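**Q** Structure file entry_29.json, JSON, N, CA and C atoms, is pasted below:
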```json
[["chain", "number", "residue", "atom", "x", "y", "z"],
["A", 17, "MET", "N", 80.66, -9.61, 79.30],
["A", 17, "MET", "CA", 79.91, -9.55, 78.06],
["A", 17, "MET", "C", 80.60, -10.35, 76.97],
["A", 18, "ARG", "N", 81.92, -10.24, 76.87],
["A", 18, "ARG", "CA", 82.65, -10.93, 75.81],
["A", 18, "ARG", "C", 83.13, -12.31, 76.20],
["A", 19, "ALA", "N", 82.96, -12.69, 77.45],
["A", 19, "ALA", "CA", 83.40, -14.01, 77.90],
["A", 19, "ALA", "C", 82.48, -15.09, 77.32],
["A", 20, "ASP", "N", 83.01, -16.27, 77.16],
["A", 20, "ASP", "CA", 82.26, -17.42, 76.65],
["A", 20, "ASP", "C", 81.23, -17.85, 77.69],
["A", 21, "HIS", "N", 79.95, -17.72, 77.36],
["A", 21, "HIS", "CA", 78.89, -18.09, 78.30],
["A", 21, "HIS", "C", 78.14, -19.34, 77.87],
["A", 22, "LEU", "N", 78.63, -20.04, 76.85],
["A", 22, "LEU", "CA", 77.99, -21.28, 76.44],
["A", 22, "LEU", "C", 78.54, -22.43, 77.26],
["A", 23, "ASN", "N", 77.70, -23.40, 77.51],
["A", 23, "ASN", "CA", 78.15, -24.62, 78.18],
["A", 23, "ASN", "C", 77.94, -25.78, 77.22],
["A", 24, "GLU", "N", 78.24, -26.98, 77.63],
["A", 24, "GLU", "CA", 78.14, -28.12, 76.72],
["A", 24, "GLU", "C", 76.71, -28.34, 76.22],
["A", 25, "GLN", "N", 75.71, -28.02, 77.02],
["A", 25, "GLN", "CA", 74.33, -28.17, 76.58],
["A", 25, "GLN", "C", 73.95, -27.14, 75.52],
["A", 26, "THR", "N", 74.39, -25.91, 75.66],
["A", 26, "THR", "CA", 73.99, -24.85, 74.74],
["A", 26, "THR", "C", 74.94, -24.67, 73.55],
["A", 27, "ARG", "N", 76.16, -25.17, 73.65],
["A", 27, "ARG", "CA", 77.13, -25.01, 72.57],
["A", 27, "ARG", "C", 76.65, -25.65, 71.26],
["A", 28, "GLY", "N", 75.91, -26.72, 71.34],
["A", 28, "GLY", "CA", 75.40, -27.40, 70.14],
["A", 28, "GLY", "C", 74.46, -26.53, 69.31],
["A", 29, "ASP", "N", 73.84, -25.55, 69.91],
["A", 29, "ASP", "CA", 72.94, -24.65, 69.19],
["A", 29, "ASP", "C", 73.70, -23.54, 68.46],
["A", 30, "PHE", "N", 74.98, -23.40, 68.72],
["A", 30, "PHE", "CA", 75.81, -22.37, 68.11],
["A", 30, "PHE", "C", 76.89, -23.07, 67.30],
["A", 31, "ASN", "N", 76.48, -23.82, 66.29],
["A", 31, "ASN", "CA", 77.42, -24.68, 65.60],
["A", 31, "ASN", "C", 77.54, -24.40, 64.10],
["A", 32, "TRP", "N", 77.25, -23.19, 63.67],
["A", 32, "TRP", "CA", 77.40, -22.87, 62.26],
["A", 32, "TRP", "C", 78.88, -22.90, 61.89],
["A", 33, "GLU", "N", 79.19, -23.45, 60.74],
["A", 33, "GLU", "CA", 80.58, -23.61, 60.32],
["A", 33, "GLU", "C", 81.33, -22.28, 60.30],
["A", 34, "HIS", "N", 80.70, -21.23, 59.82],
["A", 34, "HIS", "CA", 81.40, -19.94, 59.71],
["A", 34, "HIS", "C", 81.62, -19.27, 61.07],
["A", 35, "PHE", "N", 81.09, -19.84, 62.14],
["A", 35, "PHE", "CA", 81.36, -19.33, 63.48],
["A", 35, "PHE", "C", 82.31, -20.24, 64.25],
["A", 36, "GLY", "N", 83.04, -21.10, 63.56],
["A", 36, "GLY", "CA", 84.04, -21.92, 64.23],
["A", 36, "GLY", "C", 85.05, -21.00, 64.91],
["A", 37, "GLY", "N", 85.42, -21.29, 66.13],
["A", 37, "GLY", "CA", 86.36, -20.44, 66.87],
["A", 37, "GLY", "C", 85.70, -19.28, 67.58],
["A", 38, "PHE", "N", 84.38, -19.19, 67.45],
["A", 38, "PHE", "CA", 83.62, -18.14, 68.14],
["A", 38, "PHE", "C", 82.66, -18.81, 69.10],
["A", 39, "SER", "N", 82.27, -18.08, 70.10],
["A", 39, "SER", "CA", 81.28, -18.56, 71.05],
["A", 39, "SER", "C", 80.28, -17.43, 71.26],
["A", 40, "TYR", "N", 79.53, -17.52, 72.32],
["A", 40, "TYR", "CA", 78.52, -16.50, 72.57],
["A", 40, "TYR", "C", 78.66, -15.97, 73.98],
["A", 41, "GLY", "N", 78.72, -14.65, 74.09],
["A", 41, "GLY", "CA", 78.79, -13.99, 75.39],
["A", 41, "GLY", "C", 77.40, -13.54, 75.79],
["A", 42, "LEU", "N", 77.32, -12.40, 76.42],
["A", 42, "LEU", "CA", 76.03, -11.86, 76.84],
["A", 42, "LEU", "C", 75.46, -11.00, 75.71],
["A", 43, "GLY", "N", 74.79, -11.63, 74.78],
["A", 43, "GLY", "CA", 74.14, -10.93, 73.68],
["A", 43, "GLY", "C", 75.00, -10.71, 72.46],
["A", 44, "VAL", "N", 76.25, -11.16, 72.46],
["A", 44, "VAL", "CA", 77.13, -10.95, 71.32],
["A", 44, "VAL", "C", 77.97, -12.21, 71.04],
["A", 45, "ARG", "N", 78.34, -12.35, 69.78],
["A", 45, "ARG", "CA", 79.27, -13.39, 69.38],
["A", 45, "ARG", "C", 80.66, -12.93, 69.79],
["A", 46, "THR", "N", 81.50, -13.85, 70.30],
["A", 46, "THR", "CA", 82.82, -13.47, 70.78],
["A", 46, "THR", "C", 83.88, -14.45, 70.30],
["A", 47, "HIS", "N", 85.06, -13.94, 69.99],
["A", 47, "HIS", "CA", 86.16, -14.74, 69.45],
["A", 47, "HIS", "C", 86.90, -15.44, 70.57],
["A", 48, "VAL", "N", 86.98, -16.77, 70.50],
["A", 48, "VAL", "CA", 87.62, -17.54, 71.56],
["A", 48, "VAL", "C", 88.78, -18.41, 71.09],
["A", 49, "SER", "N", 88.93, -18.64, 69.77],
["A", 49, "SER", "CA", 89.99, -19.52, 69.29],
["A", 49, "SER", "C", 90.45, -19.14, 67.89],
["A", 50, "PRO", "N", 91.58, -18.43, 67.77],
["A", 50, "PRO", "CA", 92.11, -18.09, 66.45],
["A", 50, "PRO", "C", 92.44, -19.33, 65.61],
["A", 51, "ALA", "N", 92.88, -20.40, 66.26],
["A", 51, "ALA", "CA", 93.23, -21.62, 65.53],
["A", 51, "ALA", "C", 92.01, -22.22, 64.84],
["A", 52, "ARG", "N", 90.87, -22.21, 65.50],
["A", 52, "ARG", "CA", 89.65, -22.77, 64.91],
["A", 52, "ARG", "C", 88.96, -21.82, 63.95],
["A", 53, "SER", "N", 89.11, -20.53, 64.16],
["A", 53, "SER", "CA", 88.38, -19.56, 63.33],
["A", 53, "SER", "C", 89.14, -19.17, 62.07],
["A", 54, "GLY", "N", 90.47, -19.18, 62.14],
["A", 54, "GLY", "CA", 91.26, -18.68, 61.02],
["A", 54, "GLY", "C", 91.17, -17.17, 60.90],
["A", 55, "SER", "N", 90.71, -16.52, 61.95],
["A", 55, "SER", "CA", 90.49, -15.08, 61.94],
["A", 55, "SER", "C", 91.71, -14.32, 62.44],
["A", 56, "LEU", "N", 91.95, -13.16, 61.86],
["A", 56, "LEU", "CA", 93.03, -12.28, 62.32],
["A", 56, "LEU", "C", 92.59, -11.39, 63.47],
["A", 57, "SER", "N", 91.32, -11.45, 63.84],
["A", 57, "SER", "CA", 90.82, -10.60, 64.92],
["A", 57, "SER", "C", 91.35, -11.09, 66.26],
["A", 58, "PRO", "N", 91.49, -10.18, 67.23],
["A", 58, "PRO", "CA", 92.02, -10.57, 68.54],
["A", 58, "PRO", "C", 91.01, -11.38, 69.34],
["A", 59, "LEU", "N", 91.52, -12.15, 70.30],
["A", 59, "LEU", "CA", 90.62, -12.85, 71.22],
["A", 59, "LEU", "C", 89.73, -11.83, 71.91],
["A", 60, "GLY", "N", 88.49, -12.18, 72.10],
["A", 60, "GLY", "CA", 87.55, -11.27, 72.74],
["A", 60, "GLY", "C", 86.86, -10.32, 71.78],
["A", 61, "GLU", "N", 87.30, -10.30, 70.50],
["A", 61, "GLU", "CA", 86.59, -9.47, 69.51],
["A", 61, "GLU", "C", 85.13, -9.92, 69.51],
["A", 62, "PHE", "N", 84.22, -8.98, 69.46],
["A", 62, "PHE", "CA", 82.82, -9.35, 69.54],
["A", 62, "PHE", "C", 82.00, -8.56, 68.53],
["A", 63, "GLY", "N", 80.82, -9.04, 68.27],
["A", 63, "GLY", "CA", 79.94, -8.37, 67.33],
["A", 63, "GLY", "C", 78.60, -9.07, 67.24],
["A", 64, "TRP", "N", 77.84, -8.64, 66.26],
["A", 64, "TRP", "CA", 76.50, -9.17, 66.07],
["A", 64, "TRP", "C", 76.21, -9.20, 64.58],
["A", 65, "SER", "N", 75.60, -10.28, 64.12],
["A", 65, "SER", "CA", 75.20, -10.40, 62.72],
["A", 65, "SER", "C", 73.69, -10.40, 62.64],
["A", 66, "GLY", "N", 73.17, -9.71, 61.64],
["A", 66, "GLY", "CA", 71.72, -9.67, 61.44],
["A", 66, "GLY", "C", 71.26, -10.70, 60.43],
["A", 67, "ALA", "N", 69.97, -10.89, 60.33],
["A", 67, "ALA", "CA", 69.39, -11.91, 59.47],
["A", 67, "ALA", "C", 69.64, -11.66, 57.98],
["A", 68, "ALA", "N", 69.72, -10.43, 57.57],
["A", 68, "ALA", "CA", 69.88, -10.13, 56.15],
["A", 68, "ALA", "C", 71.30, -9.73, 55.79],
["A", 69, "GLY", "N", 72.26, -9.99, 56.67],
["A", 69, "GLY", "CA", 73.65, -9.81, 56.33],
["A", 69, "GLY", "C", 74.42, -8.67, 56.96],
["A", 70, "PRO", "N", 73.80, -7.73, 57.68],
["A", 70, "PRO", "CA", 74.62, -6.69, 58.29],
["A", 70, "PRO", "C", 75.42, -7.28, 59.44],
["A", 71, "VAL", "N", 76.54, -6.67, 59.73],
["A", 71, "VAL", "CA", 77.36, -7.12, 60.85],
["A", 71, "VAL", "C", 77.93, -5.89, 61.54],
["A", 72, "VAL", "N", 78.01, -5.95, 62.86],
["A", 72, "VAL", "CA", 78.53, -4.84, 63.64],
["A", 72, "VAL", "C", 79.67, -5.36, 64.50],
["A", 73, "TRP", "N", 80.82, -4.71, 64.41],
["A", 73, "TRP", "CA", 81.95, -4.94, 65.29],
["A", 73, "TRP", "C", 82.14, -3.65, 66.07],
["A", 74, "PRO", "N", 82.87, -3.67, 67.14],
["A", 74, "PRO", "CA", 82.99, -2.45, 67.96],
["A", 74, "PRO", "C", 83.52, -1.24, 67.20],
["A", 75, "SER", "N", 84.41, -1.44, 66.25],
["A", 75, "SER", "CA", 85.03, -0.29, 65.59],
["A", 75, "SER", "C", 84.55, -0.05, 64.16],
["A", 76, "TRP", "N", 83.72, -0.90, 63.63],
["A", 76, "TRP", "CA", 83.23, -0.70, 62.26],
["A", 76, "TRP", "C", 81.94, -1.47, 62.04],
["A", 77, "THR", "N", 81.22, -1.07, 61.02],
["A", 77, "THR", "CA", 79.94, -1.69, 60.67],
["A", 77, "THR", "C", 79.90, -1.95, 59.18],
["A", 78, "TYR", "N", 79.42, -3.11, 58.81],
["A", 78, "TYR", "CA", 79.21, -3.46, 57.41],
["A", 78, "TYR", "C", 77.73, -3.74, 57.26],
["A", 79, "ALA", "N", 77.09, -3.08, 56.33],
["A", 79, "ALA", "CA", 75.66, -3.28, 56.17],
["A", 79, "ALA", "C", 75.33, -3.71, 54.75],
["A", 80, "GLN", "N", 74.64, -4.80, 54.68],
["A", 80, "GLN", "CA", 74.01, -5.25, 53.44],
["A", 80, "GLN", "C", 72.68, -5.81, 53.88],
["A", 81, "HIS", "N", 71.71, -5.70, 53.09],
["A", 81, "HIS", "CA", 70.40, -6.24, 53.43],
["A", 81, "HIS", "C", 69.93, -7.06, 52.26],
["A", 82, "LEU", "N", 70.27, -8.32, 52.33],
["A", 82, "LEU", "CA", 70.01, -9.25, 51.24],
["A", 82, "LEU", "C", 69.75, -10.62, 51.84],
["A", 83, "LEU", "N", 68.60, -11.17, 51.59],
["A", 83, "LEU", "CA", 68.35, -12.53, 52.05],
["A", 83, "LEU", "C", 69.20, -13.44, 51.18],
["A", 84, "ASN", "N", 69.64, -14.55, 51.73],
["A", 84, "ASN", "CA", 70.66, -15.39, 51.12],
["A", 84, "ASN", "C", 71.93, -14.55, 50.98],
["A", 85, "ASN", "N", 72.35, -13.98, 52.09],
["A", 85, "ASN", "CA", 73.38, -12.96, 52.13],
["A", 85, "ASN", "C", 74.80, -13.45, 52.00],
["A", 86, "GLN", "N", 75.03, -14.74, 51.92],
["A", 86, "GLN", "CA", 76.38, -15.29, 51.80],
["A", 86, "GLN", "C", 77.28, -14.93, 52.97],
["A", 87, "GLU", "N", 76.69, -14.79, 54.14],
["A", 87, "GLU", "CA", 77.44, -14.44, 55.34],
["A", 87, "GLU", "C", 78.65, -15.35, 55.58],
["A", 88, "PRO", "N", 78.53, -16.66, 55.44],
["A", 88, "PRO", "CA", 79.71, -17.51, 55.67],
["A", 88, "PRO", "C", 80.88, -17.18, 54.74],
["A", 89, "TYR", "N", 80.60, -16.69, 53.56],
["A", 89, "TYR", "CA", 81.64, -16.34, 52.61],
["A", 89, "TYR", "C", 82.16, -14.91, 52.83],
["A", 90, "VAL", "N", 81.24, -13.96, 52.93],
["A", 90, "VAL", "CA", 81.61, -12.54, 52.98],
["A", 90, "VAL", "C", 82.22, -12.13, 54.31],
["A", 91, "HIS", "N", 81.58, -12.45, 55.43],
["A", 91, "HIS", "CA", 82.02, -11.93, 56.73],
["A", 91, "HIS", "C", 83.41, -12.41, 57.11],
["A", 92, "ARG", "N", 83.72, -13.68, 56.88],
["A", 92, "ARG", "CA", 85.05, -14.19, 57.21],
["A", 92, "ARG", "C", 86.13, -13.41, 56.46],
["A", 93, "ARG", "N", 85.94, -13.23, 55.17],
["A", 93, "ARG", "CA", 86.93, -12.55, 54.35],
["A", 93, "ARG", "C", 87.02, -11.07, 54.70],
["A", 94, "LEU", "N", 85.88, -10.45, 54.90],
["A", 94, "LEU", "CA", 85.85, -9.03, 55.25],
["A", 94, "LEU", "C", 86.57, -8.78, 56.57],
["A", 95, "ARG", "N", 86.32, -9.62, 57.56],
["A", 95, "ARG", "CA", 86.97, -9.48, 58.87],
["A", 95, "ARG", "C", 88.49, -9.55, 58.71],
["A", 96, "ASN", "N", 88.98, -10.52, 57.95],
["A", 96, "ASN", "CA", 90.43, -10.68, 57.80],
["A", 96, "ASN", "C", 91.05, -9.56, 56.98],
["A", 97, "VAL", "N", 90.35, -9.04, 55.99],
["A", 97, "VAL", "CA", 90.87, -7.90, 55.23],
["A", 97, "VAL", "C", 91.01, -6.69, 56.15],
["A", 98, "ILE", "N", 89.99, -6.40, 56.93],
["A", 98, "ILE", "CA", 90.03, -5.23, 57.81],
["A", 98, "ILE", "C", 91.09, -5.38, 58.90],
["A", 99, "TYR", "N", 91.11, -6.52, 59.60],
["A", 99, "TYR", "CA", 92.11, -6.69, 60.65],
["A", 99, "TYR", "C", 93.51, -6.82, 60.07],
["A", 100, "GLY", "N", 93.65, -7.32, 58.86],
["A", 100, "GLY", "CA", 94.96, -7.37, 58.22],
["A", 100, "GLY", "C", 95.52, -5.99, 57.89],
["A", 101, "CYS", "N", 94.64, -5.02, 57.69],
["A", 101, "CYS", "CA", 95.06, -3.65, 57.38],
["A", 101, "CYS", "C", 95.38, -2.84, 58.63],
["A", 102, "LEU", "N", 94.95, -3.30, 59.78],
["A", 102, "LEU", "CA", 95.20, -2.54, 61.03],
["A", 102, "LEU", "C", 96.61, -2.71, 61.53]]
```
Turn the structure described in the file into structure tokens.

**A**
Amino acid sequence: MRADHLNEQTRGDFNWEHFGGFSYGLGVRTHVSPARSGSLSPLGEFGWSGAAGPVVWPSWTYAQHLLNNQEPYVHRRLRNVIYGCL
């Protein structure tokens, strides 16, 4: 589920800047490169982001429901604050 299941043909469709260092497993986004992501989360960390800004990780959930949710700004920082405290 958390393994990288994208190939060179499908990787181009998962190219949002704020998902650098992440790939896609079976139904979830998964962390594959700390160097590219700048994330403090461990390799294999996985989750799902919704259209209006909520995000779910295995051990915590952040919910906001706002279109134009600033996900590239908020989620990266929130992830590093939480993993930095663990």

**Q** Could you name the residues that touch Arg18 of chain A at 6.5 Å or less, counting all atoms listed in the file, but leaving out those on the same chain fewer than 5 positions away, as a list in words?

**A**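 Here the qualifying residues turn out to be Tyr40, Gly41, Leu42, Thr46, Gly60 and Phe62 of chain A.
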
**Q** List the neighbours of Ser49 of chain A out to 9 Å using only C-alpha atoms; skip same-chain residues closer than 5 positions along the sequence, and give me the result as an MDAnalysis selection string.

**A** chainID A and resid 36:39 54:55 59

**Q** Deliver the residues from the most recent selection as a file, using N, CA and C atoms, as an mmCIF file, in the frame of the given file.

**A**
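Output (result_18.cif):
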```cif
data_model
loop_
_atom_site.group_PDB
_atom_site.id
_atom_site.type_symbol
_atom_site.label_atom_id
_atom_site.label_comp_id
_atom_site.auth_asym_id
_atom_site.auth_seq_id
_atom_site.Cartn_x
_atom_site.Cartn_y
_atom_site.Cartn_z
ATOM 1 N N GLY A 36 83.040 -21.100 63.560
ATOM 2 C CA GLY A 36 84.040 -21.920 64.230
ATOM 3 C C GLY A 36 85.050 -21.000 64.910
ATOM 4 N N GLY A 37 85.420 -21.290 66.130
ATOM 5 C CA GLY A 37 86.360 -20.440 66.870
ATOM 6 C C GLY A 37 85.700 -19.280 67.580
ATOM 7 N N PHE A 38 84.380 -19.190 67.450
ATOM 8 C CA PHE A 38 83.620 -18.140 68.140
ATOM 9 C C PHE A 38 82.660 -18.810 69.100
ATOM 10 N N SER A 39 82.270 -18.080 70.100
ATOM 11 C CA SER A 39 81.280 -18.560 71.050
ATOM 12 C C SER A 39 80.280 -17.430 71.260
ATOM 13 N N GLY A 54 90.470 -19.180 62.140
ATOM 14 C CA GLY A 54 91.260 -18.680 61.020
ATOM 15 C C GLY A 54 91.170 -17.170 60.900
ATOM 16 N N SER A 55 90.710 -16.520 61.950
ATOM 17 C CA SER A 55 90.490 -15.080 61.940
ATOM 18 C C SER A 55 91.710 -14.320 62.440
ATOM 19 N N LEU A 59 91.520 -12.150 70.300
ATOM 20 C CA LEU A 59 90.620 -12.850 71.220
ATOM 21 C C LEU A 59 89.730 -11.830 71.910
#
```

**Q** Atom C of His91 of chain A and atom N of Ser57 of chain A, how far apart in Å?

**A**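 About the pair atom N of Ser57 of chain A and atom C of His91 of chain A: they are 10.4 Å apart.
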
**Q** Measure the distance from atom C of Leu94 of chain A to atom N of Asn23 of chain A in Å and round it to one decimal.

**A** 27.0 Å

**Q** Can you pull out the residues contacting segment 78-86 of chain A? Cut-off 12 Å, using only C-alpha atoms, and skip same-chain residues under 3 positions away; I want them as a list of chain:residue names.

**A**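 With the cut-off at 12 Å, the set is A:His34, A:Gly63, A:Trp64, A:Ser65, A:Gly66, A:Ala67, A:Ala68, A:Gly69, A:Pro70, A:Val71, A:Val72, A:Trp73, A:Pro74, A:Ser75, A:Tyr89, A:Val90, A:His91, A:Arg92, A:Arg93, A:Leu94, A:Arg95, A:Ile98.
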
**Q** Separation of atom CA of Arg45 of chain A and atom CA of Glu87 of chain A, in Å?

**A**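 So the two atoms, atom CA of Arg45 of chain A and atom CA of Glu87 of chain A, lie 14.2 Å apart.
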
**Q** Which of these residues is nearest to Pro88 of chain A, using only N, CA and C atoms: A:Ala19, A:Gly28, A:Arg52, A:Phe35?

**A**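 Selected residue with least distance to Pro88 of chain A: A:Phe35.
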
**Q** Mind the document's chain letters and residue numbers, and return as a ChimeraX atom specification the residues of chain A that DSSP labels alpha helix (DSSP H).

**A** /A:24-27,50-53,87-101

**Q** Could you save those same residues with N, CA and C atoms as a compact mmCIF listing (two decimals), in the coordinates of the input?

**A**
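This went into part_17.txt:
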```txt
# COMPACT_ATOMS: atom_id res chain seq x y z
N GLU A 24 78.24 -26.98 77.63
CA GLU A 24 78.14 -28.12 76.72
C GLU A 24 76.71 -28.34 76.22
N GLN A 25 75.71 -28.02 77.02
CA GLN A 25 74.33 -28.17 76.58
C GLN A 25 73.95 -27.14 75.52
N THR A 26 74.39 -25.91 75.66
CA THR A 26 73.99 -24.85 74.74
C THR A 26 74.94 -24.67 73.55
N ARG A 27 76.16 -25.17 73.65
CA ARG A 27 77.13 -25.01 72.57
C ARG A 27 76.65 -25.65 71.26
N PRO A 50 91.58 -18.43 67.77
CA PRO A 50 92.11 -18.09 66.45
C PRO A 50 92.44 -19.33 65.61
N ALA A 51 92.88 -20.40 66.26
CA ALA A 51 93.23 -21.62 65.53
C ALA A 51 92.01 -22.22 64.84
N ARG A 52 90.87 -22.21 65.50
CA ARG A 52 89.65 -22.77 64.91
C ARG A 52 88.96 -21.82 63.95
N SER A 53 89.11 -20.53 64.16
CA SER A 53 88.38 -19.56 63.33
C SER A 53 89.14 -19.17 62.07
N GLU A 87 76.69 -14.79 54.14
CA GLU A 87 77.44 -14.44 55.34
C GLU A 87 78.65 -15.35 55.58
N PRO A 88 78.53 -16.66 55.44
CA PRO A 88 79.71 -17.51 55.67
C PRO A 88 80.88 -17.18 54.74
N TYR A 89 80.60 -16.69 53.56
CA TYR A 89 81.64 -16.34 52.61
C TYR A 89 82.16 -14.91 52.83
N VAL A 90 81.24 -13.96 52.93
CA VAL A 90 81.61 -12.54 52.98
C VAL A 90 82.22 -12.13 54.31
N HIS A 91 81.58 -12.45 55.43
CA HIS A 91 82.02 -11.93 56.73
C HIS A 91 83.41 -12.41 57.11
N ARG A 92 83.72 -13.68 56.88
CA ARG A 92 85.05 -14.19 57.21
C ARG A 92 86.13 -13.41 56.46
N ARG A 93 85.94 -13.23 55.17
CA ARG A 93 86.93 -12.55 54.35
C ARG A 93 87.02 -11.07 54.70
N LEU A 94 85.88 -10.45 54.90
CA LEU A 94 85.85 -9.03 55.25
C LEU A 94 86.57 -8.78 56.57
N ARG A 95 86.32 -9.62 57.56
CA ARG A 95 86.97 -9.48 58.87
C ARG A 95 88.49 -9.55 58.71
N ASN A 96 88.98 -10.52 57.95
CA ASN A 96 90.43 -10.68 57.80
C ASN A 96 91.05 -9.56 56.98
N VAL A 97 90.35 -9.04 55.99
CA VAL A 97 90.87 -7.90 55.23
C VAL A 97 91.01 -6.69 56.15
N ILE A 98 89.99 -6.40 56.93
CA ILE A 98 90.03 -5.23 57.81
C ILE A 98 91.09 -5.38 58.90
N TYR A 99 91.11 -6.52 59.60
CA TYR A 99 92.11 -6.69 60.65
C TYR A 99 93.51 -6.82 60.07
N GLY A 100 93.65 -7.32 58.86
CA GLY A 100 94.96 -7.37 58.22
C GLY A 100 95.52 -5.99 57.89
N CYS A 101 94.64 -5.02 57.69
CA CYS A 101 95.06 -3.65 57.38
C CYS A 101 95.38 -2.84 58.63
```

**Q** If DSSP is run on the backbone, what residues of segment 30-102 of chain A are strand (DSSP E)? A reply as a PyMOL selection string would be ideal.

**A** chain A and resi 38-40+45-47+62-65+71-73+76-78

**Q** Keeping only N, CA and C atoms, write the selected residues to a file as a CSV table (one decimal), in the coordinates of the input.

**A**
```csv
chain,number,residue,atom,x,y,z
A,38,PHE,N,84.4,-19.2,67.4
A,38,PHE,CA,83.6,-18.1,68.1
A,38,PHE,C,82.7,-18.8,69.1
A,39,SER,N,82.3,-18.1,70.1
A,39,SER,CA,81.3,-18.6,71.0
A,39,SER,C,80.3,-17.4,71.3
A,40,TYR,N,79.5,-17.5,72.3
A,40,TYR,CA,78.5,-16.5,72.6
A,40,TYR,C,78.7,-16.0,74.0
A,45,ARG,N,78.3,-12.4,69.8
A,45,ARG,CA,79.3,-13.4,69.4
A,45,ARG,C,80.7,-12.9,69.8
A,46,THR,N,81.5,-13.8,70.3
A,46,THR,CA,82.8,-13.5,70.8
A,46,THR,C,83.9,-14.4,70.3
A,47,HIS,N,85.1,-13.9,70.0
A,47,HIS,CA,86.2,-14.7,69.4
A,47,HIS,C,86.9,-15.4,70.6
A,62,PHE,N,84.2,-9.0,69.5
A,62,PHE,CA,82.8,-9.4,69.5
A,62,PHE,C,82.0,-8.6,68.5
A,63,GLY,N,80.8,-9.0,68.3
A,63,GLY,CA,79.9,-8.4,67.3
A,63,GLY,C,78.6,-9.1,67.2
A,64,TRP,N,77.8,-8.6,66.3
A,64,TRP,CA,76.5,-9.2,66.1
A,64,TRP,C,76.2,-9.2,64.6
A,65,SER,N,75.6,-10.3,64.1
A,65,SER,CA,75.2,-10.4,62.7
A,65,SER,C,73.7,-10.4,62.6
A,71,VAL,N,76.5,-6.7,59.7
A,71,VAL,CA,77.4,-7.1,60.8
A,71,VAL,C,77.9,-5.9,61.5
A,72,VAL,N,78.0,-6.0,62.9
A,72,VAL,CA,78.5,-4.8,63.6
A,72,VAL,C,79.7,-5.4,64.5
A,73,TRP,N,80.8,-4.7,64.4
A,73,TRP,CA,82.0,-4.9,65.3
A,73,TRP,C,82.1,-3.6,66.1
A,76,TRP,N,83.7,-0.9,63.6
A,76,TRP,CA,83.2,-0.7,62.3
A,76,TRP,C,81.9,-1.5,62.0
A,77,THR,N,81.2,-1.1,61.0
A,77,THR,CA,79.9,-1.7,60.7
A,77,THR,C,79.9,-2.0,59.2
A,78,TYR,N,79.4,-3.1,58.8
A,78,TYR,CA,79.2,-3.5,57.4
A,78,TYR,C,77.7,-3.7,57.3
```

**Q** Give the answer as one residue: which of A:Thr77, A:Pro58, A:Cys101, A:His47 has the shortest atom-to-atom distance to Asp20 of chain A, using only N, CA and C atoms?

**A**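 Ranked by minimum distance to Asp20 of chain A, first place goes to A:His47.
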